[in-house]
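What follows is the content of input.cif (mmCIF, C-alpha atoms).
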data_entry
#
loop_
_atom_site.label_atom_id
_atom_site.label_comp_id
_atom_site.auth_asym_id
_atom_site.auth_seq_id
_atom_site.Cartn_x
_atom_site.Cartn_y
_atom_site.Cartn_z
CA MET E 1 15.48 -16.17 -12.28
CA SER E 2 14.86 -18.16 -9.14
CA ASP E 3 11.49 -19.45 -7.98
CA ARG E 4 12.15 -17.98 -4.52
CA ILE E 5 14.01 -14.76 -3.62
CA ALA E 6 15.23 -13.27 -0.38
CA VAL E 7 15.66 -9.49 -0.34
CA MET E 8 18.28 -8.40 2.18
CA GLU E 9 19.38 -5.04 3.53
CA GLY E 10 22.47 -4.77 5.71
CA GLY E 11 22.49 -8.52 6.35
CA VAL E 12 18.83 -8.54 7.43
CA ILE E 13 16.19 -10.40 5.39
CA ARG E 14 13.40 -7.96 4.52
CA GLN E 15 11.20 -10.34 2.51
CA VAL E 16 11.21 -13.88 1.12
CA GLY E 17 8.85 -14.96 -1.65
CA THR E 18 8.38 -15.68 -5.32
CA PRO E 19 9.50 -12.98 -7.77
CA ILE E 20 5.90 -12.05 -8.56
CA GLU E 21 4.91 -11.88 -4.86
CA ILE E 22 7.83 -9.60 -4.07
CA TYR E 23 7.14 -7.36 -7.08
CA ASN E 24 3.36 -7.07 -6.56
CA ARG E 25 3.27 -7.17 -2.75
CA PRO E 26 6.53 -5.80 -1.36
CA ALA E 27 6.76 -5.99 2.43
CA ASP E 28 8.04 -2.44 2.86
CA SER E 29 9.27 0.62 1.00
CA PHE E 30 12.83 -0.72 0.83
CA VAL E 31 11.70 -3.83 -1.06
CA ALA E 32 9.39 -1.75 -3.30
CA GLY E 33 12.32 0.46 -4.29
CA PHE E 34 14.81 -2.40 -4.63
CA ILE E 35 12.71 -4.69 -6.87
CA GLY E 36 11.49 -2.86 -9.96
CA GLU E 37 10.67 0.81 -10.26
CA SER E 38 8.19 2.69 -8.12
CA ASN E 39 6.79 6.18 -8.24
CA ILE E 40 6.84 7.66 -4.74
CA LEU E 41 4.38 10.28 -3.53
CA PRO E 42 4.16 11.79 -0.06
CA ALA E 43 0.73 11.10 1.39
CA ARG E 44 -1.30 11.09 4.56
CA ALA E 45 -3.17 8.10 5.96
CA THR E 46 -6.57 8.99 7.37
CA GLY E 47 -6.60 6.11 9.85
CA CYS E 48 -9.82 4.90 8.20
CA GLY E 49 -8.18 2.95 5.37
CA SER E 50 -7.88 5.76 2.82
CA ILE E 51 -4.81 7.68 1.74
CA LEU E 52 -4.78 11.35 0.75
CA VAL E 53 -2.31 12.71 -1.79
CA ALA E 54 -2.15 16.47 -2.30
CA SER E 55 -2.13 16.22 -6.10
CA HIS E 56 -4.95 13.67 -6.31
CA ALA E 57 -8.56 14.83 -6.27
CA SER E 58 -9.99 12.05 -4.11
CA PRO E 59 -8.81 9.52 -1.51
CA ILE E 60 -6.81 6.65 -2.94
CA GLU E 61 -7.38 3.00 -2.12
CA ALA E 62 -3.98 1.61 -1.16
CA THR E 63 -2.98 -1.95 -0.41
CA GLY E 64 -0.39 -3.06 2.10
CA GLN E 65 -0.37 -2.84 5.81
CA TYR E 66 -2.96 -0.82 7.72
CA LEU E 67 -1.56 2.60 8.49
CA PRO E 68 -2.64 4.73 11.44
CA GLU E 69 -3.41 8.39 10.81
CA GLY E 70 -0.30 10.29 9.77
CA GLU E 71 2.38 10.78 7.16
CA CYS E 72 3.16 7.92 4.77
CA VAL E 73 4.48 7.28 1.27
CA LEU E 74 2.55 5.90 -1.64
CA CYS E 75 4.41 3.60 -4.04
CA ILE E 76 2.91 3.16 -7.49
CA ARG E 77 4.48 1.08 -10.27
CA PRO E 78 4.69 2.92 -13.63
CA GLU E 79 2.29 0.45 -15.26
CA HIS E 80 -0.35 1.21 -12.62
CA ILE E 81 -0.83 4.86 -13.58
CA GLU E 82 -3.26 5.82 -16.32
CA ILE E 83 -2.95 9.00 -18.36
CA ASP E 84 -5.42 10.45 -20.86
CA PRO E 85 -5.67 13.74 -22.73
CA TYR E 86 -6.72 16.53 -20.36
CA GLU E 87 -10.43 17.11 -19.82
CA GLU E 88 -11.65 19.97 -17.65
CA GLY E 89 -13.90 18.97 -14.76
CA ASN E 90 -13.38 15.21 -14.86
CA GLY E 91 -12.17 15.08 -11.23
CA ARG E 92 -8.73 13.71 -12.10
CA PRO E 93 -5.57 15.69 -11.36
CA ALA E 94 -3.59 17.25 -14.18
CA ALA E 95 0.05 16.86 -15.17
CA ILE E 96 2.37 17.91 -17.98
CA VAL E 97 4.17 15.39 -20.20
CA ARG E 98 7.92 16.16 -19.93
CA GLY E 99 9.29 13.29 -21.98
CA LEU E 100 8.39 10.17 -23.94
CA THR E 101 10.64 7.15 -24.45
CA PHE E 102 9.83 4.32 -26.83
CA LYS E 103 10.96 1.05 -25.21
CA GLY E 104 9.72 -1.48 -27.76
CA GLN E 105 6.62 -3.03 -26.23
CA LEU E 106 6.18 -0.05 -23.87
CA VAL E 107 6.14 3.73 -24.08
CA ARG E 108 7.42 5.51 -20.97
CA ALA E 109 5.90 8.94 -20.29
CA ASP E 110 7.58 11.22 -17.74
CA ILE E 111 4.91 13.49 -16.29
CA THR E 112 5.06 16.27 -13.70
CA THR E 113 2.08 16.66 -11.38
CA GLU E 114 0.64 20.07 -10.56
CA ASP E 115 2.56 20.07 -7.28
CA GLY E 116 5.88 19.29 -8.99
CA PHE E 117 6.33 15.53 -8.54
CA LEU E 118 7.86 13.53 -11.37
CA LEU E 119 6.03 10.29 -12.19
CA PHE E 120 6.88 7.59 -14.72
CA VAL E 121 3.98 6.05 -16.63
CA ASP E 122 4.27 2.92 -18.79
CA LYS E 123 1.69 2.13 -21.47
CA TRP E 124 1.70 -0.65 -24.05
CA SER E 125 3.04 0.59 -27.38
CA ALA E 126 0.06 -0.95 -29.18
CA ASP E 127 -2.26 1.31 -27.13
CA TRP E 128 -0.12 4.44 -27.20
CA ASP E 129 -1.00 5.77 -30.67
CA ALA E 130 -4.67 6.05 -29.74
CA THR E 131 -3.85 8.52 -26.95
CA GLN E 132 -2.49 11.21 -29.31
CA ILE E 133 -0.40 12.50 -26.37
CA SER E 134 2.84 14.39 -27.07
CA VAL E 135 5.59 16.05 -25.04
CA GLY E 136 4.28 19.32 -23.55
CA ASP E 137 0.65 18.17 -23.45
CA LYS E 138 -1.50 18.56 -20.38
CA VAL E 139 -2.92 15.21 -19.29
CA CYS E 140 -5.16 13.75 -16.59
CA TRP E 141 -3.73 10.98 -14.46
CA SER E 142 -5.08 8.40 -12.06
CA ILE E 143 -3.97 5.27 -10.26
CA LYS E 144 -5.54 1.98 -11.24
CA PRO E 145 -7.87 0.84 -8.42
CA GLY E 146 -6.18 -1.23 -5.75
CA ARG E 147 -2.70 -0.85 -7.23
CA ALA E 148 -1.20 1.79 -4.92
CA LEU E 149 0.95 0.56 -2.04
CA ALA E 150 1.16 2.59 1.17
CA PHE E 151 4.04 2.38 3.63
CA PRO E 152 5.04 4.33 6.74
CA ALA E 153 7.09 7.44 5.97
CA ASP E 154 10.44 6.15 7.18
CA GLY E 155 12.67 8.21 4.91
CA ARG E 156 13.84 5.26 2.80
CA LEU E 157 12.17 6.39 -0.40
CA GLU E 158 12.04 10.00 -1.46
CA PRO E 159 9.65 11.44 -4.06
CA ARG E 160 11.23 12.72 -7.26
CA ARG E 161 10.65 16.43 -7.75
CA TRP E 162 10.78 18.02 -11.17
#

As structure tokens - that is how I would like this structure written.
Amino acid sequence: MSDRIAVMEGGVIRQVGTPIEIYNRPADSFVAGFIGESNILPARATGCGSILVASHASPIEATGQYLPEGECVLCIRPEHIEIDPYEEGNGRPAAIVRGLTFKGQLVRADITTEDGFLLFVDKWSADWDATQISVGDKVCWSIKPGRALAFPADGRLEPRRW
């Protein structure tokens, strides 16, 4: 891999940077979807720096450019979502585990939120056994603080519905 990458769309450079910069801080939703995998959720910017997602109990802290009040999309990498066995009243939204895939060092969980969005969650294999989570289980999910990326809703990335 190169020490510097340029991501282009239609002959236009969207972002130039190191691989880790582009992965962790994509310039826009096109770059976020092009480099690596992202979960996409429709959201609403409050104009005060917080983002509201229908399936999430509280405002989410999102990085990226400041967004004025209005529709936006939230991009979350699979490794930035936490899941735990369901607990009533803990303030975290619920989801159902639809599938599990062992990928060597990672386990990929496919979960469906209460409002029908499909999210991919990656957890280290060494930590997975302690969760005791299986296909069909109800789980609680949350986004690791500061790891959600918000971008204007420009139609480039569409949420996956179950």

With 6 Å as the cut-off and only C-alpha atoms counted, what is the closest atom pair between each nearby residue of region 15-129 of chain E and region 136-152 of chain E? Distances in Å to one decimal, ordered by chain and number, as JSON lines.
{"residue": "E:Glu61", "atom": "CA", "partner": "E:Gly146", "partner_atom": "CA", "distance": 5.7}
{"residue": "E:Ala62", "atom": "CA", "partner": "E:Ala148", "partner_atom": "CA", "distance": 4.7}
{"residue": "E:Thr63", "atom": "CA", "partner": "E:Leu149", "partner_atom": "CA", "distance": 4.9}
{"residue": "E:Gly64", "atom": "CA", "partner": "E:Leu149", "partner_atom": "CA", "distance": 5.7}
{"residue": "E:Cys72", "atom": "CA", "partner": "E:Pro152", "partner_atom": "CA", "distance": 4.5}
{"residue": "E:Val73", "atom": "CA", "partner": "E:Phe151", "partner_atom": "CA", "distance": 5.5}
{"residue": "E:Leu74", "atom": "CA", "partner": "E:Ala150", "partner_atom": "CA", "distance": 4.6}
{"residue": "E:Cys75", "atom": "CA", "partner": "E:Leu149", "partner_atom": "CA", "distance": 5.0}
{"residue": "E:Ile76", "atom": "CA", "partner": "E:Ala148", "partner_atom": "CA", "distance": 5.0}
{"residue": "E:His80", "atom": "CA", "partner": "E:Lys144", "partner_atom": "CA", "distance": 5.4}
{"residue": "E:Ile81", "atom": "CA", "partner": "E:Ile143", "partner_atom": "CA", "distance": 4.6}
{"residue": "E:Glu82", "atom": "CA", "partner": "E:Ser142", "partner_atom": "CA", "distance": 5.3}
{"residue": "E:Ile83", "atom": "CA", "partner": "E:Trp141", "partner_atom": "CA", "distance": 4.4}
{"residue": "E:Asp84", "atom": "CA", "partner": "E:Cys140", "partner_atom": "CA", "distance": 5.4}
{"residue": "E:Pro85", "atom": "CA", "partner": "E:Val139", "partner_atom": "CA", "distance": 4.6}
{"residue": "E:Tyr86", "atom": "CA", "partner": "E:Val139", "partner_atom": "CA", "distance": 4.2}
{"residue": "E:Arg92", "atom": "CA", "partner": "E:Cys140", "partner_atom": "CA", "distance": 5.7}
{"residue": "E:Pro93", "atom": "CA", "partner": "E:Cys140", "partner_atom": "CA", "distance": 5.6}
{"residue": "E:Ala94", "atom": "CA", "partner": "E:Cys140", "partner_atom": "CA", "distance": 4.5}
{"residue": "E:Ala95", "atom": "CA", "partner": "E:Val139", "partner_atom": "CA", "distance": 5.3}
{"residue": "E:Ile96", "atom": "CA", "partner": "E:Lys138", "partner_atom": "CA", "distance": 4.6}
{"residue": "E:Val97", "atom": "CA", "partner": "E:Gly136", "partner_atom": "CA", "distance": 5.2}

Output C-alpha atoms for every residue in the selection just made, as a short mmCIF file (atom, residue, chain, number, x, y, z; two decimals), keeping the file's coordinate frame.
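Saved the output as selection.cif:
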data_model
loop_
_atom_site.label_atom_id
_atom_site.label_comp_id
_atom_site.auth_asym_id
_atom_site.auth_seq_id
_atom_site.Cartn_x
_atom_site.Cartn_y
_atom_site.Cartn_z
CA GLU E 61 -7.38 3.00 -2.12
CA ALA E 62 -3.98 1.61 -1.16
CA THR E 63 -2.98 -1.95 -0.41
CA GLY E 64 -0.39 -3.06 2.10
CA CYS E 72 3.16 7.92 4.77
CA VAL E 73 4.48 7.28 1.27
CA LEU E 74 2.55 5.90 -1.64
CA CYS E 75 4.41 3.60 -4.04
CA ILE E 76 2.91 3.16 -7.49
CA HIS E 80 -0.35 1.21 -12.62
CA ILE E 81 -0.83 4.86 -13.58
CA GLU E 82 -3.26 5.82 -16.32
CA ILE E 83 -2.95 9.00 -18.36
CA ASP E 84 -5.42 10.45 -20.86
CA PRO E 85 -5.67 13.74 -22.73
CA TYR E 86 -6.72 16.53 -20.36
CA ARG E 92 -8.73 13.71 -12.10
CA PRO E 93 -5.57 15.69 -11.36
CA ALA E 94 -3.59 17.25 -14.18
CA ALA E 95 0.05 16.86 -15.17
CA ILE E 96 2.37 17.91 -17.98
CA VAL E 97 4.17 15.39 -20.20
#

Selection under test: the PyMOL selection byres ((chain E and resi 120) around 8); residues as a PyMOL selection string: chain E and resi 39+78+108-111+118-119+121-122

Output file for the residues above (C-alpha atoms, as a short mmCIF file (atom, residue, chain, number, x, y, z; two decimals), in the coordinates of the input):
data_model
loop_
_atom_site.label_atom_id
_atom_site.label_comp_id
_atom_site.auth_asym_id
_atom_site.auth_seq_id
_atom_site.Cartn_x
_atom_site.Cartn_y
_atom_site.Cartn_z
CA ASN E 39 6.79 6.18 -8.24
CA PRO E 78 4.69 2.92 -13.63
CA ARG E 108 7.42 5.51 -20.97
CA ALA E 109 5.90 8.94 -20.29
CA ASP E 110 7.58 11.22 -17.74
CA ILE E 111 4.91 13.49 -16.29
CA LEU E 118 7.86 13.53 -11.37
CA LEU E 119 6.03 10.29 -12.19
CA VAL E 121 3.98 6.05 -16.63
CA ASP E 122 4.27 2.92 -18.79
#

Taking 4 positions as the minimum chain separation for residues in the same chain, which residues sit within 12 Å of region 34-36 of chain E when counting all atoms listed in the file? Answer as a ChimeraX atom specification. /E:5-9,14-15,18-30,75-79,156-157

I need every residue sitting at most 8 Å from the point (-6.3, 3.6, 9.0) (coordinates as in the file, all atoms listed in the file considered), written as a VMD selection string. chain E and resid 45 to 50 66 to 69

Quick one: of E:Ala32, E:Gly70, E:Ile60, E:Gln105, who's nearest to Arg44 (chain E), counting only C-alpha atoms? E:Gly70

For CA of Leu41 (chain E) and CA of Arg98 (chain E), determine how far apart the two atoms are, in Å to one decimal place. 17.8 Å

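The coordinates place CA of Leu52 (chain E) at 29.8 Å from CA of Thr101 (chain E).
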
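The interatomic distance for the pair CA of Glu71 (chain E) and CA of Ala153 (chain E) works out to 5.9 Å.
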